[in-house]
$ cat protein.cif   # mmCIF, C-alpha atoms
data_final
loop_
_atom_site.label_atom_id
_atom_site.label_comp_id
_atom_site.auth_asym_id
_atom_site.auth_seq_id
_atom_site.Cartn_x
_atom_site.Cartn_y
_atom_site.Cartn_z
CA MET J 1 48.90 145.58 114.25
CA ILE J 2 48.65 142.04 112.72
CA HIS J 3 45.15 142.54 111.37
CA GLU J 4 46.45 144.64 108.50
CA PRO J 5 46.48 142.17 105.52
CA THR J 6 50.05 142.80 104.36
CA ARG J 7 51.49 142.51 107.84
CA LEU J 8 49.43 139.37 108.40
CA MET J 9 51.00 137.87 105.27
CA ILE J 10 54.50 138.74 106.49
CA MET J 11 53.79 137.30 109.94
CA THR J 12 52.32 134.12 108.42
CA GLN J 13 55.31 133.61 106.16
CA LEU J 14 57.75 134.12 109.02
CA TYR J 15 55.65 131.90 111.29
CA VAL J 16 56.18 128.82 109.09
CA VAL J 17 59.97 129.23 108.81
CA GLU J 18 62.78 129.83 111.28
CA SER J 19 64.05 132.84 109.37
CA ALA J 20 64.04 134.31 105.88
CA ASP J 21 65.78 137.21 104.24
CA PHE J 22 64.34 140.29 102.60
CA ILE J 23 64.59 138.98 99.02
CA PHE J 24 62.88 135.72 99.88
CA LEU J 25 59.97 137.52 101.52
CA GLN J 26 59.73 139.94 98.63
CA HIS J 27 59.46 137.06 96.12
CA GLN J 28 57.09 134.98 98.21
CA LEU J 29 54.74 137.84 99.01
CA GLN J 30 55.17 139.61 95.66
CA MET J 31 55.72 142.97 97.27
CA THR J 32 57.81 145.97 96.33
CA PRO J 33 60.95 146.58 98.43
CA GLY J 34 59.55 149.87 99.76
CA ASN J 35 56.24 148.40 100.82
CA LEU J 36 57.82 145.39 102.47
CA SER J 37 60.42 147.53 104.18
CA SER J 38 57.81 149.88 105.60
CA HIS J 39 55.70 147.03 107.04
CA LEU J 40 58.76 145.28 108.43
CA SER J 41 59.78 148.46 110.21
CA LYS J 42 56.36 148.64 111.87
CA LEU J 43 56.54 145.01 112.90
CA GLU J 44 60.04 145.53 114.26
CA GLU J 45 58.89 148.58 116.24
CA ALA J 46 56.10 146.49 117.74
CA GLY J 47 58.70 143.90 118.74
CA TYR J 48 57.17 141.18 116.56
CA VAL J 49 60.00 140.85 114.06
CA GLU J 50 63.69 140.68 114.74
CA ILE J 51 66.16 141.83 112.12
CA VAL J 52 69.37 139.85 112.50
CA LYS J 53 72.50 141.14 110.80
CA GLU J 54 74.91 138.29 110.16
CA PHE J 55 77.70 137.17 107.86
CA ILE J 56 77.32 134.21 105.49
CA GLU J 57 80.67 133.32 103.90
CA ARG J 58 82.04 136.73 104.84
CA LYS J 59 79.19 138.52 103.10
CA PRO J 60 76.73 140.67 105.08
CA HIS J 61 73.28 139.16 105.29
CA THR J 62 70.05 140.27 106.92
CA ALA J 63 67.78 137.58 108.29
CA LEU J 64 64.26 138.26 109.49
CA LYS J 65 62.56 136.18 112.12
CA LEU J 66 59.58 136.34 114.43
CA THR J 67 60.38 137.16 118.03
CA LYS J 68 58.82 135.25 120.91
CA LYS J 69 56.41 138.16 121.31
CA GLY J 70 55.62 137.92 117.59
CA HIS J 71 54.90 134.19 117.85
CA GLU J 72 52.61 134.73 120.81
CA ALA J 73 50.83 137.63 119.13
CA TYR J 74 50.27 135.56 116.00
CA LYS J 75 48.89 132.61 117.97
CA GLU J 76 46.64 134.92 119.97
CA TYR J 77 45.36 136.57 116.81
CA GLN J 78 44.74 133.13 115.30
CA GLN J 79 42.70 132.08 118.35
CA ASN J 80 40.77 135.34 118.45
CA LEU J 81 39.85 135.00 114.81
CA LYS J 82 38.71 131.41 115.31
CA GLN J 83 36.62 132.57 118.25
CA VAL J 84 35.00 135.31 116.17
CA PHE J 85 34.08 132.83 113.44
CA SER J 86 32.80 130.21 115.86
CA ASP J 87 30.68 132.80 117.69
CA SER J 88 29.23 134.34 114.56
CA PRO J 89 25.71 133.22 113.54
CA THR J 90 25.58 130.88 110.53
CA MET V 1 49.42 137.27 96.87
CA TYR V 2 48.03 135.31 99.74
CA ASN V 3 44.42 135.41 100.72
CA SER V 4 44.83 136.75 104.21
CA ASP V 5 41.25 135.88 105.19
CA VAL V 6 41.93 132.16 105.07
CA GLU V 7 45.48 132.11 106.33
CA MET V 8 44.86 131.52 109.94
CA ASN V 9 43.95 127.86 110.18
CA GLU V 10 46.41 124.97 110.27
CA SER V 11 45.70 123.73 106.75
CA SER V 12 46.34 127.21 105.38
CA LEU V 13 49.60 127.39 107.32
CA ARG V 14 50.57 124.06 105.78
CA GLU V 15 49.74 125.53 102.38
CA VAL V 16 52.04 128.51 103.05
CA GLU V 17 54.72 126.08 104.20
CA ARG V 18 54.22 123.97 101.06
CA ARG V 19 54.53 127.07 98.86
CA THR V 20 57.74 127.98 100.69
CA TYR V 21 59.20 124.52 100.02
CA MET V 22 58.10 124.71 96.40
CA ALA V 23 59.74 128.11 95.99
CA TYR V 24 62.95 126.82 97.51
CA HIS V 25 63.05 123.70 95.31
CA GLN V 26 61.82 125.19 92.05
CA ASP V 27 65.45 125.46 90.90
CA GLY V 28 65.58 121.79 89.84
CA LEU V 29 68.73 121.08 91.88
CA LEU V 30 66.92 118.44 93.93
CA ASP V 31 65.89 116.73 90.68
CA ILE V 32 69.44 116.78 89.34
CA PHE V 33 70.80 115.23 92.52
CA VAL V 34 68.04 112.58 92.66
CA GLY V 35 68.67 111.81 88.98
CA VAL V 36 72.42 111.46 89.54
CA TYR V 37 71.72 109.14 92.48
CA VAL V 38 69.48 106.89 90.35
CA LEU V 39 72.04 107.03 87.55
CA LEU V 40 74.82 105.96 89.93
CA PHE V 41 72.75 102.99 91.04
CA GLY V 42 72.23 101.96 87.42
CA LEU V 43 75.91 102.48 86.65
CA GLY V 44 76.92 100.51 89.73
CA ILE V 45 74.77 97.54 88.76
CA LEU V 46 76.07 97.76 85.19
CA LEU V 47 79.67 97.70 86.45
CA MET V 48 78.88 94.78 88.71
CA THR V 49 77.35 92.72 85.91
CA THR V 50 79.86 93.60 83.21
CA ILE V 51 83.25 93.82 84.90
CA GLU V 52 82.28 92.27 88.23
CA PHE V 53 83.06 95.46 90.11
CA SER V 54 81.44 94.19 93.27
CA THR V 55 82.16 97.24 95.43
CA TRP V 56 79.76 99.33 93.33
CA PHE V 57 77.41 99.80 96.28
CA VAL V 58 79.98 102.07 97.90
CA ILE V 59 79.19 104.75 95.29
CA PRO V 60 75.49 105.24 96.13
CA ALA V 61 76.24 104.68 99.81
CA ILE V 62 78.69 107.57 100.05
CA PHE V 63 76.84 109.76 97.57
CA PRO V 64 74.60 111.57 100.11
CA ALA V 65 77.65 112.46 102.23
CA VAL V 66 79.53 113.74 99.18
CA MET V 67 76.42 115.44 97.85
CA MET V 68 75.62 117.58 100.90
CA PRO V 69 78.53 120.07 100.69
CA ILE V 70 78.09 120.33 96.91
CA TRP V 71 74.34 120.81 97.34
CA ILE V 72 74.81 123.59 99.92
CA SER V 73 77.46 125.29 97.79
CA VAL V 74 75.33 125.20 94.62
CA LYS V 75 72.28 126.45 96.53
CA LYS V 76 74.34 129.39 97.80
CA ARG V 77 75.63 130.23 94.35
CA ILE V 78 72.50 129.73 92.25
CA THR V 79 69.33 129.76 94.33
CA MET V 80 69.94 132.16 97.21
CA PRO V 81 71.20 135.12 95.18
CA ARG V 82 68.04 134.86 93.08
CA ILE V 83 65.19 134.14 95.46
CA GLY V 84 66.80 134.86 98.79
CA TYR V 85 67.59 132.79 101.82
CA VAL V 86 65.21 130.85 104.00
CA LYS V 87 65.90 128.65 106.98
CA PHE V 88 63.23 126.06 107.72
CA GLY V 89 62.54 125.64 111.40
CA TYR V 90 60.96 122.83 113.33
CA ARG V 91 57.96 122.90 111.04
CA GLY V 92 60.20 122.27 108.02
CA ALA V 93 63.72 120.92 107.98
CA ASN V 94 63.51 119.23 111.36
CA LYS V 95 60.38 117.42 110.23
CA MET V 96 62.34 116.06 107.27
CA VAL V 97 65.22 115.01 109.52
CA ALA V 98 62.71 113.32 111.85
CA ILE V 99 61.19 111.40 108.93
CA PHE V 100 64.62 110.39 107.65
CA LEU V 101 65.80 109.28 111.10
CA GLY V 102 62.50 107.50 111.75
CA LEU V 103 62.78 105.59 108.47
CA THR V 104 66.41 104.69 109.17
CA VAL V 105 65.70 103.46 112.70
CA ALA V 106 62.61 101.52 111.54
CA GLY V 107 64.57 99.98 108.65
CA LEU V 108 67.53 99.03 110.82
CA GLY V 109 65.22 97.66 113.53
CA ALA V 110 63.31 95.52 111.05
CA PHE V 111 66.58 94.32 109.47
CA MET V 112 68.09 93.38 112.84
CA LEU V 113 64.91 91.63 113.97
CA PHE V 114 64.74 89.71 110.73
CA GLY V 115 68.50 88.89 110.84
CA LEU V 116 68.24 87.69 114.42
CA GLY V 117 65.17 85.60 113.61
CA ALA V 118 66.87 84.03 110.60
CA PHE V 119 70.05 83.37 112.62
CA MET V 120 68.07 81.61 115.36
CA GLY V 121 66.21 79.58 112.77
CA GLN V 122 62.82 81.01 113.68
CA GLY V 123 60.03 79.75 111.45
CA TRP V 124 58.54 83.18 110.78
CA ALA V 125 61.93 84.58 109.75
CA LEU V 126 62.58 81.71 107.35
CA THR V 127 59.12 82.09 105.84
CA LEU V 128 59.72 85.82 105.52
CA ARG V 129 63.13 85.22 103.93
CA ASN V 130 61.59 82.82 101.41
CA LEU V 131 59.03 85.49 100.60
CA ILE V 132 61.49 88.40 100.39
CA ILE V 133 64.34 86.92 98.36
CA PRO V 134 62.37 85.95 95.23
CA ASN V 135 60.43 89.24 95.35
CA GLY V 136 63.33 91.48 96.35
CA MET V 137 63.03 93.72 93.30
CA ILE V 138 59.33 94.38 93.92
CA ILE V 139 59.89 95.08 97.62
CA VAL V 140 62.81 97.45 97.03
CA GLY V 141 60.81 99.20 94.29
CA ILE V 142 57.80 99.66 96.59
CA LEU V 143 60.06 100.92 99.38
CA ALA V 144 61.74 103.43 97.04
CA ALA V 145 58.34 104.64 95.79
CA ALA V 146 57.00 104.88 99.35
CA ILE V 147 59.99 106.94 100.54
CA SER V 148 59.73 109.19 97.51
CA SER V 149 55.98 109.65 98.10
CA LEU V 150 56.57 110.45 101.75
CA PHE V 151 58.98 113.22 100.82
CA ALA V 152 56.59 114.39 98.07
CA TYR V 153 53.75 114.62 100.58
CA THR V 154 55.83 116.34 103.27
CA MET V 155 57.45 118.84 100.94
CA GLY V 156 54.45 119.32 98.63
CA LEU V 157 56.61 118.53 95.59
CA LYS V 158 54.30 116.52 93.37
CA ARG V 159 57.01 115.59 90.88
CA LEU V 160 58.59 113.37 93.54
CA TYR V 161 55.50 111.12 93.25
CA ALA V 162 56.27 110.75 89.54
CA TYR V 163 59.90 109.90 90.28
CA GLY V 164 58.78 107.29 92.80
CA ILE V 165 56.47 105.72 90.20
CA LEU V 166 59.28 105.74 87.61
CA VAL V 167 61.66 103.98 89.99
CA LEU V 168 58.96 101.46 90.96
CA THR V 169 58.33 100.84 87.24
CA SER V 170 62.02 100.15 86.69
CA PHE V 171 62.11 97.58 89.50
CA LEU V 172 58.90 95.93 88.25
CA THR V 173 60.36 95.86 84.74
CA GLY V 174 63.47 94.21 86.14
CA HIS V 175 61.38 91.63 87.98
CA PHE V 176 58.82 90.74 85.35
CA THR V 177 60.68 91.20 82.06
CA THR V 178 64.02 90.24 80.58
CA ILE V 179 64.94 93.88 79.88
CA PRO V 180 68.21 94.60 81.75
CA PHE V 181 67.20 96.44 84.89
CA GLU V 182 70.34 98.59 84.98
CA TYR V 183 69.58 100.16 81.60
CA VAL V 184 66.06 101.07 82.72
CA LEU V 185 67.55 102.65 85.83
CA LEU V 186 70.09 104.59 83.74
CA ALA V 187 67.32 105.83 81.43
CA ILE V 188 65.16 106.95 84.39
CA GLY V 189 68.13 108.69 86.00
CA LEU V 190 68.76 110.55 82.77
CA VAL V 191 65.09 111.57 82.46
CA ILE V 192 65.11 112.98 86.00
CA ILE V 193 68.40 114.83 85.40
CA ILE V 194 67.08 116.34 82.15
CA ASN V 195 63.92 117.45 83.95
CA GLY V 196 66.13 119.01 86.63
CA PHE V 197 68.11 120.96 84.06
CA VAL V 198 64.90 122.14 82.36
CA LEU V 199 63.65 123.40 85.75
CA LEU V 200 67.04 125.00 86.46
CA THR V 201 67.05 126.81 83.10
CA ARG V 202 63.50 128.08 83.71
CA PHE V 203 64.46 129.19 87.20
CA ILE V 204 67.53 131.11 86.01
CA ARG V 205 65.46 132.80 83.31
CA LYS V 206 62.64 133.62 85.71
CA TYR V 207 64.95 135.03 88.35
CA PRO V 208 67.91 136.69 86.63
CA LEU V 209 70.70 137.91 88.87
CA ALA V 210 70.43 141.59 89.66
CA PRO V 211 73.61 142.62 91.48
CA GLY V 212 73.03 145.02 94.31
CA ASP V 213 69.38 144.16 94.79
CA GLU V 214 69.90 142.54 98.14
CA THR V 215 72.11 145.33 99.42
CA ASN V 216 69.64 148.00 98.32
CA ALA V 217 66.74 146.13 99.81
CA GLU V 218 68.51 145.67 103.11
CA GLU V 219 69.64 149.26 103.25
CA SER V 220 66.06 150.37 102.90
CA LEU V 221 65.15 148.59 106.13
#
$ encode --input "protein.cif" --output "structure tokens"
Amino acid sequence: MIHEPTRLMIMTQLYVVESADFIFLQHQLQMTPGNLSSHLSKLEEAGYVEIVKEFIERKPHTALKLTKKGHEAYKEYQQNLKQVFSDSPT
Amino acid sequence: MYNSDVEMNESSLREVERRTYMAYHQDGLLDIFVGVYVLLFGLGILLMTTIEFSTWFVIPAIFPAVMMPIWISVKKRITMPRIGYVKFGYRGANKMVAIFLGLTVAGLGAFMLFGLGAFMGQGWALTLRNLIIPNGMIIVGILAAAISSLFAYTMGLKRLYAYGILVLTSFLTGHFTTIPFEYVLLAIGLVIIINGFVLLTRFIRKYPLAPGDETNAEESL
């Protein structure tokens, strides 16, 4: 799930912040709304990303954040990748 | 686009974090507020020397408290509708708060230790006092530059290094030359404010407001 480059970018961006909204991710990752939306849906289905609907100054706002499962999956992926590189012949 | 192949190690995560900070502060608002702060200091010293308005220090002292609600409000009106909203977690905002609190506690601790030493007539405190008072301008300048550099390093905003150097230069100018220090401070404050407005103009041009974008984007989720 995370190995796909675009989803890895989304997970990385969300890993370094507490939460971000759709527009911020779109600008940071330079993705089209459709593409980002489709990957976010997959990450949400996997339980890695939580979509929080909230109100900021009485205006509806959608915040995106990594779930605990998402954090763990990201860390695990990070360790696995390190392992692969450390095991590979130089 | 990120290079996903190199994103997994800690230094790459820091780079992503740095880019996030840079994106959030590319609007120049931080520069405008820093510039106004420096300007207020210059203005305060000018008032103190010209009309003996000795309570000038209240202005820069209360400025951060007054600034925060204005800062948040302006961010909500200008920055967030254009580049979106981000909340920095323990890796971001809390780290800044920790640095700020650490500096405050260390500063207060050193001040109290020094004050107590001086009060009790300790030799080391008197020697230190004799060293600090004649070189006060240099020490304050170095401290200001160090704090600015610390924030520059943490947030990845290189222009804060330049501001730190400018402020240090103003204090050194005040110490070593006869040029009135307050005017140098006013000039530096103005330079930083102008830079902030240049960044703000660029930001507004780069990210024009497109009403409905956020709603459409969210609906597509």
$ closest_residue --input "protein.cif" --among "V:Ile70, V:Gly84, V:Thr169, V:Phe114" --to "chain J" --atoms "all atoms listed in the file"
V:Gly84
$ residues_around --input "protein.cif" --residues "Ile2 (chain J)" --least-positions-apart "5" --cutoff "8 Å" --atoms "only C-alpha atoms" --output "PyMOL selection string"
chain J and resi 7-8+11+74+77
$ resolve_selection --input "protein.cif" --expression "the PyMOL selection byres ((chain J and resi 51) around 12)" --output "list of chain:residue names"
J:Leu14, J:Ser19, J:Ala20, J:Asp21, J:Phe22, J:Ser37, J:Leu40, J:Ser41, J:Lys42, J:Leu43, J:Glu44, J:Glu45, J:Gly47, J:Tyr48, J:Val49, J:Glu50, J:Val52, J:Lys53, J:Glu54, J:His61, J:Thr62, J:Ala63, J:Leu64, J:Lys65, J:Leu66, J:Thr67, V:Glu218, V:Leu221
$ atom_distance --input "protein.cif" --atom1 "CA of Leu40 (chain V)" --atom2 "CA of Ser170 (chain V)"
14.4 Å
$ atom_distance --input "protein.cif" --atom1 "CA of Val86 (chain V)" --atom2 "CA of Gln78 (chain J)"
23.5 Å
$ decode --input "protein.cif" --residues "region 6-36 of chain J" --atoms "N, CA, C and O atoms" --output "PDB file, in the first residue's frame"
ATOM      1  N   THR J   6       3.330   7.784  -4.956  1.00  0.00           N
ATOM      2  CA  THR J   6       2.462   8.924  -4.611  1.00  0.00           C
ATOM      3  C   THR J   6       1.922   8.775  -3.192  1.00  0.00           C
ATOM      4  O   THR J   6       1.895   9.735  -2.422  1.00  0.00           O
ATOM      5  N   ARG J   7       1.532   7.560  -2.861  1.00  0.00           N
ATOM      6  CA  ARG J   7       0.993   7.342  -1.504  1.00  0.00           C
ATOM      7  C   ARG J   7       2.102   7.493  -0.458  1.00  0.00           C
ATOM      8  O   ARG J   7       1.863   7.972   0.643  1.00  0.00           O
ATOM      9  N   LEU J   8       3.325   7.119  -0.846  1.00  0.00           N
ATOM     10  CA  LEU J   8       4.461   7.291   0.066  1.00  0.00           C
ATOM     11  C   LEU J   8       4.696   8.783   0.335  1.00  0.00           C
ATOM     12  O   LEU J   8       4.963   9.198   1.467  1.00  0.00           O
ATOM     13  N   MET J   9       4.548   9.590  -0.711  1.00  0.00           N
ATOM     14  CA  MET J   9       4.715  11.042  -0.550  1.00  0.00           C
ATOM     15  C   MET J   9       3.649  11.611   0.377  1.00  0.00           C
ATOM     16  O   MET J   9       3.925  12.440   1.232  1.00  0.00           O
ATOM     17  N   ILE J  10       2.422  11.158   0.201  1.00  0.00           N
ATOM     18  CA  ILE J  10       1.317  11.639   1.051  1.00  0.00           C
ATOM     19  C   ILE J  10       1.577  11.238   2.507  1.00  0.00           C
ATOM     20  O   ILE J  10       1.464  12.058   3.420  1.00  0.00           O
ATOM     21  N   MET J  11       1.956   9.978   2.688  1.00  0.00           N
ATOM     22  CA  MET J  11       2.212   9.473   4.049  1.00  0.00           C
ATOM     23  C   MET J  11       3.368  10.241   4.690  1.00  0.00           C
ATOM     24  O   MET J  11       3.307  10.590   5.866  1.00  0.00           O
ATOM     25  N   THR J  12       4.426  10.508   3.905  1.00  0.00           N
ATOM     26  CA  THR J  12       5.585  11.232   4.439  1.00  0.00           C
ATOM     27  C   THR J  12       5.188  12.643   4.867  1.00  0.00           C
ATOM     28  O   THR J  12       5.567  13.112   5.942  1.00  0.00           O
ATOM     29  N   GLN J  13       4.424  13.296   4.012  1.00  0.00           N
ATOM     30  CA  GLN J  13       3.996  14.659   4.337  1.00  0.00           C
ATOM     31  C   GLN J  13       3.142  14.677   5.603  1.00  0.00           C
ATOM     32  O   GLN J  13       3.328  15.529   6.470  1.00  0.00           O
ATOM     33  N   LEU J  14       2.238  13.731   5.714  1.00  0.00           N
ATOM     34  CA  LEU J  14       1.372  13.694   6.897  1.00  0.00           C
ATOM     35  C   LEU J  14       2.127  13.227   8.143  1.00  0.00           C
ATOM     36  O   LEU J  14       1.751  13.571   9.260  1.00  0.00           O
ATOM     37  N   TYR J  15       3.221  12.484   7.924  1.00  0.00           N
ATOM     38  CA  TYR J  15       4.009  11.984   9.047  1.00  0.00           C
ATOM     39  C   TYR J  15       4.719  13.122   9.785  1.00  0.00           C
ATOM     40  O   TYR J  15       4.883  13.076  10.999  1.00  0.00           O
ATOM     41  N   VAL J  16       5.126  14.160   9.035  1.00  0.00           N
ATOM     42  CA  VAL J  16       5.904  15.246   9.657  1.00  0.00           C
ATOM     43  C   VAL J  16       5.024  16.345  10.257  1.00  0.00           C
ATOM     44  O   VAL J  16       5.541  17.276  10.867  1.00  0.00           O
ATOM     45  N   VAL J  17       3.710  16.266  10.042  1.00  0.00           N
ATOM     46  CA  VAL J  17       2.820  17.269  10.642  1.00  0.00           C
ATOM     47  C   VAL J  17       1.752  16.559  11.475  1.00  0.00           C
ATOM     48  O   VAL J  17       1.611  15.337  11.397  1.00  0.00           O
ATOM     49  N   GLU J  18       1.014  17.355  12.240  1.00  0.00           N
ATOM     50  CA  GLU J  18      -0.081  16.738  13.011  1.00  0.00           C
ATOM     51  C   GLU J  18      -1.270  16.498  12.093  1.00  0.00           C
ATOM     52  O   GLU J  18      -1.885  15.439  12.093  1.00  0.00           O
ATOM     53  N   SER J  19      -1.591  17.544  11.315  1.00  0.00           N
ATOM     54  CA  SER J  19      -2.648  17.390  10.306  1.00  0.00           C
ATOM     55  C   SER J  19      -2.464  18.459   9.228  1.00  0.00           C
ATOM     56  O   SER J  19      -1.761  19.447   9.436  1.00  0.00           O
ATOM     57  N   ALA J  20      -3.072  18.212   8.096  1.00  0.00           N
ATOM     58  CA  ALA J  20      -3.015  19.192   6.998  1.00  0.00           C
ATOM     59  C   ALA J  20      -4.315  19.056   6.227  1.00  0.00           C
ATOM     60  O   ALA J  20      -4.966  18.010   6.288  1.00  0.00           O
ATOM     61  N   ASP J  21      -4.680  20.099   5.504  1.00  0.00           N
ATOM     62  CA  ASP J  21      -5.905  19.956   4.715  1.00  0.00           C
ATOM     63  C   ASP J  21      -5.584  19.608   3.261  1.00  0.00           C
ATOM     64  O   ASP J  21      -4.410  19.524   2.865  1.00  0.00           O
ATOM     65  N   PHE J  22      -6.626  19.408   2.507  1.00  0.00           N
ATOM     66  CA  PHE J  22      -6.500  18.939   1.132  1.00  0.00           C
ATOM     67  C   PHE J  22      -5.666  19.909   0.282  1.00  0.00           C
ATOM     68  O   PHE J  22      -4.766  19.498  -0.452  1.00  0.00           O
ATOM     69  N   ILE J  23      -5.980  21.207   0.413  1.00  0.00           N
ATOM     70  CA  ILE J  23      -5.288  22.216  -0.410  1.00  0.00           C
ATOM     71  C   ILE J  23      -3.796  22.247  -0.085  1.00  0.00           C
ATOM     72  O   ILE J  23      -2.962  22.343  -0.988  1.00  0.00           O
ATOM     73  N   PHE J  24      -3.473  22.155   1.192  1.00  0.00           N
ATOM     74  CA  PHE J  24      -2.064  22.191   1.572  1.00  0.00           C
ATOM     75  C   PHE J  24      -1.316  21.006   0.958  1.00  0.00           C
ATOM     76  O   PHE J  24      -0.228  21.165   0.395  1.00  0.00           O
ATOM     77  N   LEU J  25      -1.904  19.831   1.057  1.00  0.00           N
ATOM     78  CA  LEU J  25      -1.267  18.645   0.475  1.00  0.00           C
ATOM     79  C   LEU J  25      -1.116  18.779  -1.038  1.00  0.00           C
ATOM     80  O   LEU J  25      -0.087  18.442  -1.614  1.00  0.00           O
ATOM     81  N   GLN J  26      -2.154  19.305  -1.646  1.00  0.00           N
ATOM     82  CA  GLN J  26      -2.152  19.471  -3.106  1.00  0.00           C
ATOM     83  C   GLN J  26      -0.995  20.381  -3.541  1.00  0.00           C
ATOM     84  O   GLN J  26      -0.266  20.074  -4.484  1.00  0.00           O
ATOM     85  N   HIS J  27      -0.810  21.500  -2.803  1.00  0.00           N
ATOM     86  CA  HIS J  27       0.274  22.428  -3.130  1.00  0.00           C
ATOM     87  C   HIS J  27       1.640  21.812  -2.844  1.00  0.00           C
ATOM     88  O   HIS J  27       2.563  21.930  -3.648  1.00  0.00           O
ATOM     89  N   GLN J  28       1.761  21.183  -1.697  1.00  0.00           N
ATOM     90  CA  GLN J  28       3.056  20.636  -1.294  1.00  0.00           C
ATOM     91  C   GLN J  28       3.503  19.512  -2.209  1.00  0.00           C
ATOM     92  O   GLN J  28       4.666  19.386  -2.523  1.00  0.00           O
ATOM     93  N   LEU J  29       2.545  18.686  -2.618  1.00  0.00           N
ATOM     94  CA  LEU J  29       2.893  17.503  -3.413  1.00  0.00           C
ATOM     95  C   LEU J  29       2.721  17.731  -4.917  1.00  0.00           C
ATOM     96  O   LEU J  29       3.042  16.856  -5.717  1.00  0.00           O
ATOM     97  N   GLN J  30       2.209  18.922  -5.245  1.00  0.00           N
ATOM     98  CA  GLN J  30       1.987  19.294  -6.653  1.00  0.00           C
ATOM     99  C   GLN J  30       1.193  18.216  -7.398  1.00  0.00           C
ATOM    100  O   GLN J  30       1.639  17.675  -8.406  1.00  0.00           O
ATOM    101  N   MET J  31       0.045  17.933  -6.834  1.00  0.00           N
ATOM    102  CA  MET J  31      -0.817  16.908  -7.436  1.00  0.00           C
ATOM    103  C   MET J  31      -2.150  17.510  -7.851  1.00  0.00           C
ATOM    104  O   MET J  31      -2.576  18.522  -7.306  1.00  0.00           O
ATOM    105  N   THR J  32      -2.814  16.848  -8.776  1.00  0.00           N
ATOM    106  CA  THR J  32      -4.150  17.311  -9.169  1.00  0.00           C
ATOM    107  C   THR J  32      -5.148  16.865  -8.097  1.00  0.00           C
ATOM    108  O   THR J  32      -4.915  15.850  -7.423  1.00  0.00           O
ATOM    109  N   PRO J  33      -6.266  17.589  -7.954  1.00  0.00           N
ATOM    110  CA  PRO J  33      -7.243  17.208  -6.925  1.00  0.00           C
ATOM    111  C   PRO J  33      -7.734  15.766  -7.094  1.00  0.00           C
ATOM    112  O   PRO J  33      -7.860  15.023  -6.122  1.00  0.00           O
ATOM    113  N   GLY J  34      -7.965  15.353  -8.342  1.00  0.00           N
ATOM    114  CA  GLY J  34      -8.482  14.010  -8.594  1.00  0.00           C
ATOM    115  C   GLY J  34      -7.515  12.925  -8.166  1.00  0.00           C
ATOM    116  O   GLY J  34      -7.883  11.949  -7.507  1.00  0.00           O
ATOM    117  N   ASN J  35      -6.250  13.135  -8.532  1.00  0.00           N
ATOM    118  CA  ASN J  35      -5.210  12.167  -8.200  1.00  0.00           C
ATOM    119  C   ASN J  35      -5.031  12.059  -6.681  1.00  0.00           C
ATOM    120  O   ASN J  35      -5.003  10.953  -6.124  1.00  0.00           O
ATOM    121  N   LEU J  36      -4.954  13.214  -6.048  1.00  0.00           N
ATOM    122  CA  LEU J  36      -4.769  13.216  -4.594  1.00  0.00           C
ATOM    123  C   LEU J  36      -5.961  12.570  -3.898  1.00  0.00           C
ATOM    124  O   LEU J  36      -5.802  11.746  -2.992  1.00  0.00           O
TER     125      LEU J  36
END
